[in-house]
Every structure is written in C-alpha cells, then in structure tokens.
2 protein chains.
Amino acid sequence: MEGHRNKIVILGSGNVATHLAVALDNVADIEAVWSRNMSNARRLCSTLRNAKPTDNITEVERDADFYIVAISDDAIVASASALAGVEGIIAHTSGSLPLATLAEAVEPSPAGVFYPLQTFSRTTDVDIKSVPFLIEGTSHGTVEKLSGLASLISETTYPIDSATRGELHIAAVFANNFANYVWDIADRYLREHTEFDISVFRPLLTETLRKAIMIGPHNAQTGPARRNDRGVIEAHLAKLNDDEAEVYRLLTEKISKIHQ
Amino acid sequence: MEGHRNKIVILGSGNVATHLAVALDNVADIEAVWSRNMSNARRLCSTLRNAKPTDNITEVERDADFYIVAISDDAIVASASALAGVEGIIAHTSGSLPLATLAEAVEPSPAGVFYPLQTFSRTTDVDIKSVPFLIEGTSHGTVEKLSGLASLISETTYPIDSATRGELHIAAVFANNFANYVWDIADRYLREHTEFDISVFRPLLTETLRKAIMIGPHNAQTGPARRNDRGVIEAHLAKLNDDEAEVYRLLTEKISKIHQ
C-alpha cells in the first residue's frame with residue numbers, strides 16, 4: 001500500500017466505531033461517517049480531520065477502499081446491503097456474526113471481518129496498537145488488504161475463519177464475562193460483610209492476571225481448592241448464601257479435580 | 001517514629017519474606033534473616049545491607065522492634081514461640097491465621113498481623129507502594145506501630161480484625177482463585193480448538209479488570225448471559241465438554257438471575 005492513502009467510510013458512531021475511526025484517521029482518509037443518528041455522526045466527525053457526517057446511507061461515497069461496519073449485529077445486514085455493488089471492501093467488526101451473512105448481503109462486493117479483540121468504552125482511551133485484530137475476507141486478496149489496514153494501527157493482526165472466531169467468542173465468555181461475574185460476587189460479598197469493595201483487590205488481581213498470562217493459568221492456580229484444603233473449604237461454605245455456595249462448590253470441585 | 005530507625009528481624013526466606021525484606025531494607029535496619037534453610041537465608045541477606053543470616057532461631061537478636069514472621073501458616077506457631085518474651089512486636093504475614101493463635105504462642109510479647117494483600121513471585125518485581133497492608137495487633141499501640149511500619153513502604157494500610165481478614169479471604173477465593181480458573185478453562189479451550197491461547201486475551205482482560213474496578217463488576221457485566229441471549233447460550237453449550245458445560249450453565253444461570 002506504499003504511496004496510497006486508503007479512503008475509508010465508517011458506518012456507526014458507537015464505542016467501536018469511535019475508537020476505530022480515531023485510530024484510522026491518523027493513517028487513512030476517512031471520507032464519511034454514517035449513523036442513523038445524525039448528531040452522533042456529527043459528534044464523531046468533529047474529532048476527525050475531513051470526514052463528513054450523514055444519516056442517509058445512499059449519500060455515502062461509493063469510491064472508498066474500505067467500508068467499516070461498526071454497528072450492532074442485528075443491524076449489520078440491513079445497513080450494509082445498501083452498499084452492495086461498491087468495489088471497496090465491506091467489513092464488519094463483530095465478534096460473532098458469520099462472514100457469509102455479510103457477504104450474501106453485499107454481493108458482489110468483497111466482504112470481510114475487521115474484529116478488534118477488545119472492549120471499548122466511550123470515556124476510556126485504549127492502546128489500539130496492542131489490540132489483536134482478527135481478520136477474515138471472502139478472498140485471499142481481501143484478507144491481505146484488511147490485514148494491511150489493521151497493521152497500520154495495531155501490532156498484532158491474525159487471519160482467522162468464522163469458525164475460529166466463534167471458538168474465541170466461547171473462550172471469551174469464560175475468560176471475560178465469567179471472570180467479571182466472580183469479581184461481582186466478591187464485590188457484593190465484601191460490601192455486605194466488610195467496609196471494603198473489589199477495589200481493595202486491584203493490585204492483587206492485576207498481578208494475578210499478569211501471572212496467569214505469563215506462566216499459564218493452570219500453573220498459576222492457587223487457593224484452598226487447588227490444595228484441596230477441606231477445612232478451609234467447609235468453613236467458607238458455611239459463610240456463604242445459597243447462590244454463592246453453589247458457585248463456590250462447583251468451581252472448587254472442578255479445580256480440585258484437574259489439580260488432583 | 002521520627003528520628004528512630006526500626007530494627008527488624010525477618011523469619012522466612014520465601015517470596016513474601018524476600019519482597020518484604022527488600023522493601024523494609026530501604027526504611028529500617030534489618031538485623032537478621034532466619035530460615036530453616038541456611039543457604040536461602042544467605043541468599044536473601046546478600047541482597048540486603050546489613051542483615052545476618054542464621055538457621056538457629058535462638059541466635060536471633062532479641063532487641064528488634066519488629067519480628068516479621070513470613071513463613072507457611074503451619075510453621076508459624078512453632079517458630080515464633082521461640083521468640084516469646086521479646087519486647088518487640090511479633091507479626092505474621094498470613095491471610096488466614098488468626099491473630100489469637102500467634103498471640104498465645106508468643107505471650108507475653110506483643111503480637112500482630114502484617115498482611116500484604118498481594119501475591120508475590122520470586123522473579124517478579126511488585127510495586128509495594130500500591131499493595132494494601134492489613135494490620136492487626138494485640139493492643140492499640142501495636143496496631144499503631146505496625147501501621148506506621150507499613151506506611152513506610154505502602155500508600156495504603158488498613159487496621160482490620162481477624163474476622164474481617166477471614167471475609168477478605170473468602171472474597172479473594174472468588175475474585176482471585178475462581179477468576180484464574182475460568183481463565184484456565186478459556187486457555188485450555190483455545191489450545192484445543194484454535195491456534196491461540198489465553199495470551200490473545202491479554203489486552204481485553206486488562207481492560208475488563210480496569211473497567212470492573214472503575215464502574216463496579218455488576219455494571220461492567222457483558223455477554224450472552226447478561227443479555228439472556230438463549231440462542232448464543234445454547235450454541236455455546238453444544239460445543240463444550242461436560243465439565244465446561246456444567247460451569248457455563250451454572251454461571252450463566254446466576255448472571256441471568258441477578259441481571260433479569
């Protein structure tokens with residue numbers, strides 16, 4: 001892509017669209033931001049160099065190299081299909097929508113996936129360079145072009161297929177959603193029984209996460225379940241309410257089993 | 001404690017003893033390091049300014065202000081009781097041993113708890129300033145002195161009682177041990193089904209932890225269980241083995257319940 005500055009259209013104005021647009025604005029020409037909500041499109045464009053806001057998808061430039069569709073899963077097909085026929089690549093940013101679904105909707109345009117493996121908040125800067133981008137495309141050339149675009153803003157891009165993206169989503173439910181839930185139990189327990197909340201564990205959890213990734217979570221496992229310390233386990237169960245105890249009992253049983 | 005430099009004896013040479021000794025060496029005079037294992041005591045002393053190694057607890061100076069007992073729970077009483085009668089404060093660093101157990105063993109010496117809420121590794125530096133120290137003592141004066149010592153190396157020290165320390169331990173099993181276990185499931189799932197491992201989630205998990213502490217894990221909860229998205233949930237369950245499915249089903253049920 002030397003010497004060529006990509007033209008990009010962004011569909012969407014939410015957290016993912018905003019973070020991607022701001023990052024891409026440094027390395028490409030964002031021509032337009034489309035959003036159902038014109039004031040959101042305007043707000044996002046005000047942070048970009050030359051992008052024009054619109055809420056009418058038929059007004060969008062049809063000469064872009066990439067159309068990045070960063071909207072909710074159930075709106076992707078309806079919005080993206082209005083672009084069918086463009087020469088540029090139409091790529092969604094979803095962790096779970098299959099590529100084939102988008103590809104059918106935008107035929108004969110090339111379709112792809114441009115999925116940043118990160119959670120984005122409106123108020124928080126994310127170091128986009130460290131975010132892995134998972135890339136798919138309806139042809140090898142499309143994968144190459146999307147990977148090239150991703151590599152302009154991130155240090156890690158991986159070509160994968162929709163099946164693998166689905167497996168990553170399952171793993172992320174455990175790693176991300178379920179970890180957050182056991183933090184939620186801990187937070188509520190602390191608030192009920194002490195003057196602390198989860199924030200007292202910030203240094204501990206930060207280090208535990210670092211260690212789990214450094215040596216692998218299996219090797220990093222500690223605690224009464226790992227040691228199968230029945231005295232401590234029974235004492236803890238006696239202090240818990242029914243919901244807490246059910247979770248404690250099952251996870252303790254599973255940890256003891258794989259470490260026995 | 002102005003103008004007075006504390007004299008300290010360290011019992012132990014493991015990870016906790018090492019990290020505490022190195023930190024305390026900057027703000028106090030460590031007179032001696034006792035360990036059952038003389039070569040470990042020598043190794044630790046080689047990183048300290050003036051501490052003498054010993055494996056004979058009766059040789060330990062009896063004029064110290066603090067005796068920090070950083071050894072495994074089941075060895076604390078036996079080792080610390082050899083110090084009974086000293087004027088200085090004898091404090092263990094355990095998250096679970098009740099203060100009363102140590103206090104009885106070292107009577108009439110003042111006893112306390114000097115518990116850093118962190119996990120320590122041999123090879124990793126920890127930013128000790130950010131580690132919360134949980135402090136107990138057999139008298140108000142003892143708590144004050146131990147808190148004063150902790151505040152020389154950490155920005156956050158809390159006086160608590162043994163019951164509260166027990167509650168924190170229960171919460172830590174959820175927040176720390178169980179979070180690590182769901183990461184372990186994710187790691188094994190990724191290795192079995194993809195070419196990735198848990199490290200692909202490092203930026204995501206770092207941000208999820210940050211967000212959970214910033215806005216509280218209840219508000220930070222995302223995922224199919226939070227949305228009660230039965231289609232996704234059933235599709236995921238169909239891909240999991242029995243152990244994985246049992247954990248997925250229970251945690252999904254609990255998350256749906258508290259967010260319904």
# chains A, B, ... in the order shown; residues from 1 in each chain; ligands from 1
$ interface_residues --of "chain A" --to "chain B" --cutoff "6 Å" --atoms "only C-alpha atoms" --output "count of residues only"
17
$ select_by_dssp --residues "segment 88-214 of chain B" --states "strand (DSSP E or B)" --output "JSON, numbers by chain"
{"B": [89, 90, 91, 92, 111, 112, 113, 114, 115, 116, 133, 134, 135, 136, 137, 157, 158, 159]}
$ closest_residue --among "A:Asn6, A:Thr93, A:Asn40, A:Ser46" --to "Asp65 of chain A" --atoms "only C-alpha atoms"
A:Asn6
$ residues_around --residues "Gly88 of chain B" --least-positions-apart "6" --cutoff "10 Å" --atoms "only C-alpha atoms" --output "PyMOL selection string"
chain B and resi 7-9+62-67+109-111+142
$ residues_around --residues "Ile153 of chain A" --least-positions-apart "4" --cutoff "7 Å" --atoms "only C-alpha atoms" --output "list of chain:residue names"
A:Ala23, A:Leu24, A:Ile128, A:Lys129
$ write_last_selection --atoms "C-alpha atoms" --output "PDB file, in the first residue's frame"
ATOM      1  CA  ALA A  23      -7.184   5.436  15.099  1.00  0.00           C
ATOM      2  CA  LEU A  24      -7.732   5.120  11.341  1.00  0.00           C
ATOM      3  CA  ILE A 128      -5.037   0.339  19.962  1.00  0.00           C
ATOM      4  CA  LYS A 129      -1.521  -0.773  18.999  1.00  0.00           C
TER       5      LYS A 129
END
$ closest_residue --among "A:Leu11, A:Leu20, A:Leu97, A:Leu44" --to "Ser162 of chain A" --atoms "only C-alpha atoms"
A:Leu97
$ select_by_dssp --residues "segment 41-254 of chain A" --states "helix (DSSP H, G or I)" --output "compact mmCIF listing (two decimals) with N, CA and C atoms, in the first residue's frame"
# COMPACT_ATOMS: atom_id res chain seq x y z
N ALA A 41 -23.29 11.16 14.44
CA ALA A 41 -22.36 11.21 13.31
C ALA A 41 -21.58 12.52 13.33
N ARG A 42 -22.27 13.62 13.60
CA ARG A 42 -21.60 14.92 13.67
C ARG A 42 -20.58 14.96 14.80
N ARG A 43 -20.96 14.43 15.96
CA ARG A 43 -20.06 14.43 17.12
C ARG A 43 -18.77 13.68 16.78
N LEU A 44 -18.92 12.51 16.17
CA LEU A 44 -17.72 11.74 15.82
C LEU A 44 -16.89 12.49 14.77
N CYS A 45 -17.54 13.03 13.75
CA CYS A 45 -16.79 13.73 12.69
C CYS A 45 -16.04 14.94 13.23
N ILE A 57 -27.67 6.67 4.02
CA ILE A 57 -26.62 5.77 3.54
C ILE A 57 -26.47 5.83 2.02
N THR A 58 -27.52 6.29 1.31
CA THR A 58 -27.38 6.38 -0.15
C THR A 58 -26.51 7.57 -0.55
N GLU A 59 -26.24 8.46 0.38
CA GLU A 59 -25.37 9.62 0.11
C GLU A 59 -23.89 9.29 0.27
N ASP A 73 -24.95 -6.13 15.81
CA ASP A 73 -25.05 -7.30 14.94
C ASP A 73 -26.34 -7.34 14.13
N ASP A 74 -27.45 -7.05 14.80
CA ASP A 74 -28.73 -7.24 14.12
C ASP A 74 -29.06 -6.13 13.13
N ALA A 75 -28.23 -5.09 13.08
CA ALA A 75 -28.44 -4.01 12.10
C ALA A 75 -27.48 -4.09 10.93
N ILE A 76 -26.49 -4.99 11.02
CA ILE A 76 -25.41 -5.01 10.02
C ILE A 76 -25.94 -5.30 8.61
N VAL A 77 -26.73 -6.37 8.48
CA VAL A 77 -27.18 -6.78 7.15
C VAL A 77 -28.00 -5.67 6.49
N ALA A 78 -28.95 -5.13 7.23
CA ALA A 78 -29.83 -4.10 6.66
C ALA A 78 -29.04 -2.89 6.18
N SER A 79 -28.10 -2.43 6.99
CA SER A 79 -27.35 -1.22 6.60
C SER A 79 -26.34 -1.52 5.51
N ALA A 80 -25.58 -2.60 5.67
CA ALA A 80 -24.50 -2.88 4.72
C ALA A 80 -25.06 -3.19 3.33
N SER A 81 -26.25 -3.79 3.25
CA SER A 81 -26.78 -4.19 1.95
C SER A 81 -27.01 -2.98 1.05
N ALA A 82 -27.17 -1.80 1.65
CA ALA A 82 -27.32 -0.58 0.85
C ALA A 82 -26.05 -0.25 0.08
N LEU A 83 -24.94 -0.87 0.49
CA LEU A 83 -23.66 -0.61 -0.18
C LEU A 83 -23.33 -1.64 -1.26
N LEU A 99 -19.07 -14.32 8.54
CA LEU A 99 -18.73 -13.56 7.34
C LEU A 99 -19.75 -13.81 6.23
N ALA A 100 -20.20 -15.07 6.10
CA ALA A 100 -21.10 -15.42 4.99
C ALA A 100 -22.37 -14.57 5.02
N THR A 101 -22.84 -14.25 6.22
CA THR A 101 -24.07 -13.46 6.35
C THR A 101 -23.89 -12.07 5.72
N LEU A 102 -22.75 -11.46 6.02
CA LEU A 102 -22.47 -10.15 5.43
C LEU A 102 -22.22 -10.28 3.93
N ALA A 103 -21.45 -11.31 3.54
CA ALA A 103 -21.06 -11.48 2.13
C ALA A 103 -22.30 -11.59 1.25
N GLU A 104 -23.28 -12.38 1.69
CA GLU A 104 -24.52 -12.54 0.92
C GLU A 104 -25.25 -11.21 0.77
N ALA A 105 -25.24 -10.43 1.84
CA ALA A 105 -26.00 -9.17 1.84
C ALA A 105 -25.39 -8.13 0.90
N VAL A 106 -24.08 -8.20 0.67
CA VAL A 106 -23.43 -7.13 -0.10
C VAL A 106 -22.93 -7.60 -1.46
N ILE A 128 -4.59 1.15 21.10
CA ILE A 128 -5.04 0.34 19.96
C ILE A 128 -3.90 -0.49 19.38
N LYS A 129 -2.68 -0.03 19.52
CA LYS A 129 -1.52 -0.77 19.00
C LYS A 129 -1.44 -2.18 19.57
N SER A 130 -1.90 -2.35 20.82
CA SER A 130 -1.78 -3.66 21.47
C SER A 130 -3.01 -4.54 21.24
N HIS A 140 -8.57 -14.21 -0.72
CA HIS A 140 -7.24 -14.01 -0.15
C HIS A 140 -6.83 -12.55 -0.24
N GLY A 141 -7.13 -11.93 -1.38
CA GLY A 141 -6.77 -10.52 -1.54
C GLY A 141 -7.46 -9.62 -0.54
N THR A 142 -8.71 -9.94 -0.24
CA THR A 142 -9.45 -9.15 0.75
C THR A 142 -8.83 -9.27 2.14
N VAL A 143 -8.45 -10.51 2.50
CA VAL A 143 -7.77 -10.72 3.78
C VAL A 143 -6.48 -9.90 3.84
N GLU A 144 -5.73 -9.94 2.74
CA GLU A 144 -4.45 -9.20 2.68
C GLU A 144 -4.68 -7.71 2.89
N LYS A 145 -5.69 -7.18 2.19
CA LYS A 145 -5.93 -5.74 2.28
C LYS A 145 -6.42 -5.33 3.68
N LEU A 146 -7.32 -6.14 4.26
CA LEU A 146 -7.80 -5.81 5.62
C LEU A 146 -6.67 -5.97 6.64
N SER A 147 -5.83 -6.98 6.46
CA SER A 147 -4.69 -7.16 7.37
C SER A 147 -3.73 -5.99 7.25
N GLY A 148 -3.55 -5.53 6.02
CA GLY A 148 -2.68 -4.37 5.81
C GLY A 148 -3.22 -3.14 6.51
N LEU A 149 -4.53 -2.94 6.42
CA LEU A 149 -5.15 -1.80 7.10
C LEU A 149 -4.99 -1.93 8.62
N ALA A 150 -5.28 -3.12 9.14
CA ALA A 150 -5.17 -3.34 10.59
C ALA A 150 -3.74 -3.09 11.06
N SER A 151 -2.77 -3.52 10.25
CA SER A 151 -1.37 -3.41 10.70
C SER A 151 -0.90 -1.95 10.73
N LEU A 152 -1.67 -1.05 10.13
CA LEU A 152 -1.33 0.37 10.22
C LEU A 152 -1.65 0.93 11.61
N ILE A 153 -2.55 0.26 12.33
CA ILE A 153 -2.93 0.79 13.66
C ILE A 153 -2.63 -0.19 14.80
N SER A 162 -14.43 -17.89 10.31
CA SER A 162 -15.58 -17.62 11.18
C SER A 162 -15.71 -18.66 12.29
N ALA A 163 -15.35 -19.93 11.96
CA ALA A 163 -15.43 -20.97 12.98
C ALA A 163 -14.49 -20.66 14.14
N THR A 164 -13.26 -20.23 13.83
CA THR A 164 -12.30 -19.91 14.88
C THR A 164 -12.75 -18.69 15.68
N ARG A 165 -13.34 -17.72 14.95
CA ARG A 165 -13.87 -16.55 15.66
C ARG A 165 -14.94 -16.97 16.66
N GLY A 166 -15.75 -17.96 16.28
CA GLY A 166 -16.76 -18.49 17.19
C GLY A 166 -16.14 -19.15 18.41
N GLU A 167 -15.03 -19.90 18.19
CA GLU A 167 -14.35 -20.54 19.33
C GLU A 167 -13.76 -19.48 20.27
N LEU A 168 -13.21 -18.43 19.68
CA LEU A 168 -12.68 -17.33 20.51
C LEU A 168 -13.78 -16.69 21.33
N HIS A 169 -14.97 -16.60 20.74
CA HIS A 169 -16.09 -15.99 21.46
C HIS A 169 -16.48 -16.85 22.67
N ILE A 170 -16.51 -18.16 22.47
CA ILE A 170 -16.82 -19.05 23.60
C ILE A 170 -15.77 -18.90 24.70
N ALA A 171 -14.50 -18.91 24.30
CA ALA A 171 -13.43 -18.76 25.30
C ALA A 171 -13.53 -17.41 26.02
N ALA A 172 -13.94 -16.39 25.27
CA ALA A 172 -14.04 -15.05 25.87
C ALA A 172 -15.18 -14.98 26.88
N VAL A 173 -16.22 -15.78 26.69
CA VAL A 173 -17.29 -15.82 27.69
C VAL A 173 -16.73 -16.29 29.03
N PHE A 174 -15.90 -17.33 28.99
CA PHE A 174 -15.27 -17.79 30.23
C PHE A 174 -14.28 -16.75 30.77
N ALA A 175 -13.35 -16.34 29.90
CA ALA A 175 -12.24 -15.51 30.36
C ALA A 175 -12.71 -14.13 30.80
N ASN A 176 -13.68 -13.61 30.11
CA ASN A 176 -14.07 -12.22 30.29
C ASN A 176 -15.36 -12.09 31.10
N ASN A 177 -16.45 -12.66 30.58
CA ASN A 177 -17.75 -12.50 31.24
C ASN A 177 -17.79 -13.22 32.59
N PHE A 178 -17.28 -14.45 32.64
CA PHE A 178 -17.35 -15.22 33.88
C PHE A 178 -16.34 -14.71 34.92
N ALA A 179 -15.17 -14.27 34.47
CA ALA A 179 -14.23 -13.66 35.42
C ALA A 179 -14.88 -12.42 36.04
N ASN A 180 -15.52 -11.60 35.19
CA ASN A 180 -16.20 -10.42 35.73
C ASN A 180 -17.27 -10.81 36.73
N TYR A 181 -17.94 -11.94 36.48
CA TYR A 181 -19.00 -12.35 37.40
C TYR A 181 -18.45 -12.79 38.77
N VAL A 182 -17.34 -13.52 38.80
CA VAL A 182 -16.80 -13.89 40.12
C VAL A 182 -16.25 -12.65 40.83
N TRP A 183 -15.81 -11.65 40.07
CA TRP A 183 -15.46 -10.37 40.72
C TRP A 183 -16.72 -9.73 41.29
N ASP A 184 -17.84 -9.86 40.59
CA ASP A 184 -19.09 -9.30 41.08
C ASP A 184 -19.50 -9.97 42.39
N ILE A 185 -19.40 -11.29 42.46
CA ILE A 185 -19.70 -11.99 43.72
C ILE A 185 -18.80 -11.46 44.84
N ALA A 186 -17.50 -11.37 44.54
CA ALA A 186 -16.54 -10.89 45.55
C ALA A 186 -16.89 -9.48 46.00
N ASP A 187 -17.25 -8.64 45.04
CA ASP A 187 -17.58 -7.25 45.35
C ASP A 187 -18.79 -7.17 46.27
N ARG A 188 -19.84 -7.94 45.93
CA ARG A 188 -21.03 -7.91 46.77
C ARG A 188 -20.76 -8.50 48.15
N TYR A 189 -19.96 -9.58 48.19
CA TYR A 189 -19.62 -10.19 49.47
C TYR A 189 -18.88 -9.19 50.37
N LEU A 190 -17.90 -8.51 49.77
CA LEU A 190 -17.12 -7.53 50.56
C LEU A 190 -18.02 -6.40 51.07
N ARG A 191 -18.92 -5.91 50.21
CA ARG A 191 -19.79 -4.80 50.62
C ARG A 191 -20.73 -5.22 51.74
N GLU A 192 -21.17 -6.48 51.68
CA GLU A 192 -22.10 -6.97 52.71
C GLU A 192 -21.42 -7.22 54.05
N HIS A 193 -20.17 -7.71 53.99
CA HIS A 193 -19.55 -8.23 55.20
C HIS A 193 -18.41 -7.38 55.74
N ILE A 198 -14.42 -4.36 45.83
CA ILE A 198 -13.48 -5.06 44.95
C ILE A 198 -12.19 -4.26 44.72
N SER A 199 -12.25 -2.94 44.90
CA SER A 199 -11.07 -2.15 44.57
C SER A 199 -9.89 -2.47 45.48
N VAL A 200 -10.16 -3.02 46.67
CA VAL A 200 -9.04 -3.39 47.55
C VAL A 200 -8.19 -4.49 46.91
N PHE A 201 -8.78 -5.21 45.97
CA PHE A 201 -8.06 -6.30 45.29
C PHE A 201 -7.35 -5.86 44.00
N ARG A 202 -7.42 -4.57 43.66
CA ARG A 202 -6.84 -4.15 42.39
C ARG A 202 -5.40 -4.60 42.19
N PRO A 203 -4.48 -4.33 43.14
CA PRO A 203 -3.09 -4.77 42.90
C PRO A 203 -3.00 -6.29 42.81
N LEU A 204 -3.75 -6.99 43.66
CA LEU A 204 -3.72 -8.45 43.64
C LEU A 204 -4.21 -9.00 42.31
N LEU A 205 -5.34 -8.50 41.82
CA LEU A 205 -5.91 -9.03 40.58
C LEU A 205 -5.05 -8.67 39.37
N THR A 206 -4.49 -7.49 39.39
CA THR A 206 -3.60 -7.09 38.30
C THR A 206 -2.42 -8.05 38.20
N GLU A 207 -1.86 -8.39 39.34
CA GLU A 207 -0.70 -9.30 39.37
C GLU A 207 -1.13 -10.73 39.03
N THR A 208 -2.31 -11.15 39.50
CA THR A 208 -2.80 -12.49 39.19
C THR A 208 -3.02 -12.65 37.68
N LEU A 209 -3.58 -11.62 37.06
CA LEU A 209 -3.78 -11.67 35.60
C LEU A 209 -2.43 -11.73 34.87
N ARG A 210 -1.50 -10.89 35.32
CA ARG A 210 -0.17 -10.89 34.70
C ARG A 210 0.47 -12.28 34.80
N LYS A 211 0.35 -12.87 35.99
CA LYS A 211 0.98 -14.17 36.22
C LYS A 211 0.28 -15.25 35.40
N ALA A 212 -1.04 -15.21 35.35
CA ALA A 212 -1.78 -16.22 34.59
C ALA A 212 -1.36 -16.21 33.13
N ILE A 213 -1.11 -15.03 32.59
CA ILE A 213 -0.72 -14.96 31.18
C ILE A 213 0.75 -15.32 31.01
N MET A 214 1.55 -14.97 32.00
CA MET A 214 2.98 -15.28 31.93
C MET A 214 3.26 -16.78 32.03
N ILE A 215 2.70 -17.45 33.04
CA ILE A 215 3.05 -18.86 33.25
C ILE A 215 1.90 -19.79 32.91
N PRO A 217 -2.60 -20.04 33.24
CA PRO A 217 -3.48 -20.08 34.41
C PRO A 217 -3.46 -21.42 35.15
N HIS A 218 -3.20 -22.50 34.44
CA HIS A 218 -3.15 -23.79 35.14
C HIS A 218 -2.03 -23.77 36.18
N ASN A 219 -0.85 -23.32 35.79
CA ASN A 219 0.28 -23.26 36.73
C ASN A 219 0.09 -22.17 37.78
N ALA A 220 -0.67 -21.16 37.45
CA ALA A 220 -0.84 -20.03 38.36
C ALA A 220 -1.93 -20.28 39.41
N PRO A 224 -7.53 -22.62 48.31
CA PRO A 224 -7.95 -23.84 49.02
C PRO A 224 -8.39 -24.96 48.08
N ALA A 225 -9.01 -24.63 46.94
CA ALA A 225 -9.45 -25.68 46.02
C ALA A 225 -8.25 -26.39 45.41
N ARG A 226 -7.25 -25.61 45.02
CA ARG A 226 -6.04 -26.18 44.44
C ARG A 226 -5.36 -27.11 45.44
N ARG A 227 -5.31 -26.68 46.72
CA ARG A 227 -4.68 -27.51 47.76
C ARG A 227 -5.63 -28.58 48.27
N ARG A 230 -9.85 -29.12 52.72
CA ARG A 230 -11.26 -29.30 53.06
C ARG A 230 -11.70 -28.46 54.26
N GLY A 231 -10.80 -28.28 55.23
CA GLY A 231 -11.15 -27.48 56.41
C GLY A 231 -11.52 -26.06 56.02
N VAL A 232 -10.67 -25.44 55.23
CA VAL A 232 -10.94 -24.06 54.79
C VAL A 232 -12.18 -24.01 53.91
N ILE A 233 -12.30 -24.99 52.99
CA ILE A 233 -13.44 -25.01 52.06
C ILE A 233 -14.77 -25.09 52.83
N GLU A 234 -14.85 -25.97 53.80
CA GLU A 234 -16.09 -26.12 54.57
C GLU A 234 -16.38 -24.86 55.39
N ALA A 235 -15.33 -24.28 55.95
CA ALA A 235 -15.53 -23.04 56.72
C ALA A 235 -16.05 -21.92 55.82
N HIS A 236 -15.52 -21.84 54.61
CA HIS A 236 -16.00 -20.82 53.67
C HIS A 236 -17.46 -21.07 53.28
N LEU A 237 -17.78 -22.32 52.94
CA LEU A 237 -19.14 -22.64 52.52
C LEU A 237 -20.16 -22.25 53.59
N ALA A 238 -19.77 -22.43 54.85
CA ALA A 238 -20.69 -22.12 55.95
C ALA A 238 -21.01 -20.62 56.02
N LYS A 239 -20.15 -19.77 55.44
CA LYS A 239 -20.36 -18.33 55.49
C LYS A 239 -21.16 -17.79 54.30
N ASP A 242 -26.89 -19.18 49.52
CA ASP A 242 -27.09 -20.34 48.65
C ASP A 242 -26.48 -20.17 47.26
N ASP A 243 -26.70 -19.00 46.63
CA ASP A 243 -26.15 -18.76 45.29
C ASP A 243 -24.62 -18.78 45.31
N GLU A 244 -24.06 -18.09 46.29
CA GLU A 244 -22.60 -18.04 46.40
C GLU A 244 -22.04 -19.45 46.63
N ALA A 245 -22.70 -20.20 47.52
CA ALA A 245 -22.20 -21.53 47.87
C ALA A 245 -22.26 -22.47 46.67
N GLU A 246 -23.30 -22.31 45.85
CA GLU A 246 -23.43 -23.18 44.68
C GLU A 246 -22.25 -22.95 43.72
N VAL A 247 -21.93 -21.70 43.50
CA VAL A 247 -20.79 -21.36 42.63
C VAL A 247 -19.48 -21.83 43.26
N TYR A 248 -19.31 -21.55 44.56
CA TYR A 248 -18.08 -21.94 45.27
C TYR A 248 -17.89 -23.45 45.19
N ARG A 249 -18.97 -24.20 45.43
CA ARG A 249 -18.87 -25.66 45.49
C ARG A 249 -18.49 -26.22 44.12
N LEU A 250 -19.17 -25.76 43.07
CA LEU A 250 -18.90 -26.31 41.74
C LEU A 250 -17.47 -25.97 41.28
N LEU A 251 -17.06 -24.72 41.42
CA LEU A 251 -15.73 -24.34 40.93
C LEU A 251 -14.63 -25.02 41.76
N THR A 252 -14.87 -25.16 43.06
CA THR A 252 -13.90 -25.86 43.91
C THR A 252 -13.77 -27.32 43.49
N GLU A 253 -14.90 -27.96 43.22
CA GLU A 253 -14.89 -29.35 42.78
C GLU A 253 -14.09 -29.49 41.47
N LYS A 254 -14.33 -28.58 40.53
CA LYS A 254 -13.64 -28.66 39.23
C LYS A 254 -12.14 -28.39 39.37
$ atom_distance --atom1 "atom CA of Tyr158 of chain A" --atom2 "atom CA of Gly95 of chain A"
13.6 Å
$ residues_around --residues "Ser94 of chain A" --least-positions-apart "4" --cutoff "9 Å" --atoms "only C-alpha atoms" --output "PyMOL selection string"
chain A and resi 69-73+98+113-116
$ atom_distance --atom1 "atom CA of His92 of chain B" --atom2 "atom CA of Thr47 of chain B"
21.9 Å
$ atom_distance --atom1 "atom CA of Arg36 of chain A" --atom2 "atom CA of Asn15 of chain A"
14.7 Å
$ residues_around --residues "Arg122 of chain A" --least-positions-apart "4" --cutoff "10 Å" --atoms "only C-alpha atoms" --output "JSON list (two decimals) with N, CA, C and O atoms, in the first residue's frame"
[["chain", "number", "residue", "atom", "x", "y", "z"],
["A", 14, "GLY", "N", -20.90, 4.44, 17.56],
["A", 14, "GLY", "CA", -20.81, 3.97, 18.94],
["A", 14, "GLY", "C", -19.35, 3.84, 19.38],
["A", 14, "GLY", "O", -18.45, 4.44, 18.78],
["A", 15, "ASN", "N", -19.13, 3.05, 20.43],
["A", 15, "ASN", "CA", -17.79, 2.95, 21.01],
["A", 15, "ASN", "C", -16.78, 2.35, 20.03],
["A", 15, "ASN", "O", -15.67, 2.86, 19.90],
["A", 16, "VAL", "N", -17.16, 1.25, 19.37],
["A", 16, "VAL", "CA", -16.21, 0.60, 18.45],
["A", 16, "VAL", "C", -15.94, 1.53, 17.28],
["A", 16, "VAL", "O", -14.78, 1.76, 16.90],
["A", 18, "THR", "N", -16.17, 4.72, 17.09],
["A", 18, "THR", "CA", -15.40, 5.89, 17.51],
["A", 18, "THR", "C", -13.92, 5.58, 17.67],
["A", 18, "THR", "O", -13.06, 6.27, 17.14],
["A", 19, "HIS", "N", -13.62, 4.49, 18.40],
["A", 19, "HIS", "CA", -12.21, 4.16, 18.63],
["A", 19, "HIS", "C", -11.51, 3.81, 17.32],
["A", 19, "HIS", "O", -10.36, 4.21, 17.10]]
